[in-house]
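A.B. asks: Let me begin by handing over the structure; questions about it come next.
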Amino acid sequence: MKILVPFLKALGEEVRLRIIKMLLEREMCVCEIMDGLKLSQPAVSHHMKILKQAGLVRDRRQGKWVYYSLDKEIFSSLEELLGTELFEPVRQGSCEQAAPTLSQCK
């Protein structure tokens with residue numbers, strides 16, 4: 001469950017969801033993301049840092065440029081984890097499995 005927290009936090013901001021949508025198309029450098037979102041370089045870098053810390057994006061340097069791409073493997077793993085850890089217990093009606101820290105489900 002601990003891996004889900006940074007993932008869900010990273011996706012909890014509209015700008016980061018827009019960045020992910022852009023990166024679904026192709027790898028991009030910071031300047032392309034800045035142009036697409038009409039944000040400053042520090043703002044984009046802040047969001048990229050959060051996405052990178054959550055393991056959702058990879059970066060690579062090419063000269064003075066940094067290029068970002070989605071880590072598609074982590075998305076597959078997280079999709080499976082979300083299904084088994086979160087949604088499947090809810091589907092089966094098991095309150096204790098879906099929310100083990102709660103004493104009641106009401």
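Ordered as shown in the structure tokens, chains take letters A, B, and onward, while each chain numbers its residues from 1 and ligands are numbered from 1 in the order shown.
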Using only C-alpha atoms, determine which residues lie at most 12 Å from His46 in chain A, disregarding the query and same-chain residues fewer than 4 positions distant; provide the list as JSON, numbers by chain.
C.D. replies: {"A": [10, 13, 15, 16, 19, 30, 34, 39, 40, 41, 42, 50, 51, 52, 53]}
A.B. asks: Could you write those residues out with N, CA and C atoms, as a PDB file, in the first residue's frame?
C.D. replies:
```
ATOM      1  N   ALA A  10       0.954  12.148  -6.562  1.00  0.00           N
ATOM      2  CA  ALA A  10       1.467  12.705  -7.822  1.00  0.00           C
ATOM      3  C   ALA A  10       0.331  12.943  -8.806  1.00  0.00           C
ATOM      4  N   GLU A  13      -2.906  16.269  -8.752  1.00  0.00           N
ATOM      5  CA  GLU A  13      -2.757  17.650  -9.217  1.00  0.00           C
ATOM      6  C   GLU A  13      -3.043  17.675 -10.720  1.00  0.00           C
ATOM      7  N   VAL A  15      -2.214  19.688 -13.105  1.00  0.00           N
ATOM      8  CA  VAL A  15      -1.057  19.971 -13.970  1.00  0.00           C
ATOM      9  C   VAL A  15      -0.276  18.687 -14.236  1.00  0.00           C
ATOM     10  N   ARG A  16      -0.076  17.869 -13.196  1.00  0.00           N
ATOM     11  CA  ARG A  16       0.679  16.635 -13.382  1.00  0.00           C
ATOM     12  C   ARG A  16      -0.083  15.635 -14.252  1.00  0.00           C
ATOM     13  N   ILE A  19       0.576  16.752 -17.703  1.00  0.00           N
ATOM     14  CA  ILE A  19       1.933  16.367 -18.121  1.00  0.00           C
ATOM     15  C   ILE A  19       1.951  14.902 -18.543  1.00  0.00           C
ATOM     16  N   VAL A  30      11.812  19.693 -21.138  1.00  0.00           N
ATOM     17  CA  VAL A  30      11.115  20.629 -20.256  1.00  0.00           C
ATOM     18  C   VAL A  30      10.538  21.796 -21.050  1.00  0.00           C
ATOM     19  N   MET A  34       6.784  23.148 -20.948  1.00  0.00           N
ATOM     20  CA  MET A  34       6.507  24.551 -20.595  1.00  0.00           C
ATOM     21  C   MET A  34       5.598  25.195 -21.627  1.00  0.00           C
ATOM     22  N   LEU A  39       3.532  27.272 -18.600  1.00  0.00           N
ATOM     23  CA  LEU A  39       4.058  27.406 -17.245  1.00  0.00           C
ATOM     24  C   LEU A  39       5.530  27.777 -17.294  1.00  0.00           C
ATOM     25  N   SER A  40       6.028  28.315 -16.197  1.00  0.00           N
ATOM     26  CA  SER A  40       7.442  28.667 -16.103  1.00  0.00           C
ATOM     27  C   SER A  40       8.298  27.414 -15.923  1.00  0.00           C
ATOM     28  N   GLN A  41       9.584  27.556 -16.187  1.00  0.00           N
ATOM     29  CA  GLN A  41      10.508  26.433 -16.025  1.00  0.00           C
ATOM     30  C   GLN A  41      10.541  25.946 -14.582  1.00  0.00           C
ATOM     31  N   PRO A  42      10.600  26.834 -13.567  1.00  0.00           N
ATOM     32  CA  PRO A  42      10.588  26.331 -12.185  1.00  0.00           C
ATOM     33  C   PRO A  42       9.305  25.556 -11.840  1.00  0.00           C
ATOM     34  N   ILE A  50       8.204  15.774  -8.655  1.00  0.00           N
ATOM     35  CA  ILE A  50       7.205  14.966  -7.944  1.00  0.00           C
ATOM     36  C   ILE A  50       6.873  13.709  -8.739  1.00  0.00           C
ATOM     37  N   LEU A  51       6.687  13.852 -10.044  1.00  0.00           N
ATOM     38  CA  LEU A  51       6.393  12.693 -10.887  1.00  0.00           C
ATOM     39  C   LEU A  51       7.561  11.715 -10.901  1.00  0.00           C
ATOM     40  N   LYS A  52       8.771  12.233 -10.917  1.00  0.00           N
ATOM     41  CA  LYS A  52       9.957  11.377 -10.914  1.00  0.00           C
ATOM     42  C   LYS A  52      10.103  10.660  -9.569  1.00  0.00           C
ATOM     43  N   GLN A  53       9.891  11.370  -8.472  1.00  0.00           N
ATOM     44  CA  GLN A  53       9.990  10.750  -7.149  1.00  0.00           C
ATOM     45  C   GLN A  53       8.953   9.644  -6.977  1.00  0.00           C
TER      46      GLN A  53
END
```
A.B. asks: Taking 4 positions as the minimum chain separation for residues in the same chain, which residues sit within 8 Å of Met22 in chain A when counting only C-alpha atoms? Answer as a VMD selection string.
C.D. replies: chain A and resid 18 26 33
A.B. asks: Which is closer to Leu81 in chain A than all the others in A:Ala43, A:Leu24, A:Ala54, A:Leu4, using only C-alpha atoms?
C.D. replies: A:Leu4
A.B. asks: Write out as a PyMOL selection string which residues come within 8 Å of Leu70 in chain A when counting only C-alpha atoms, dropping same-chain ones fewer than 3 positions away.
C.D. replies: chain A and resi 20+23-24+27+56-58
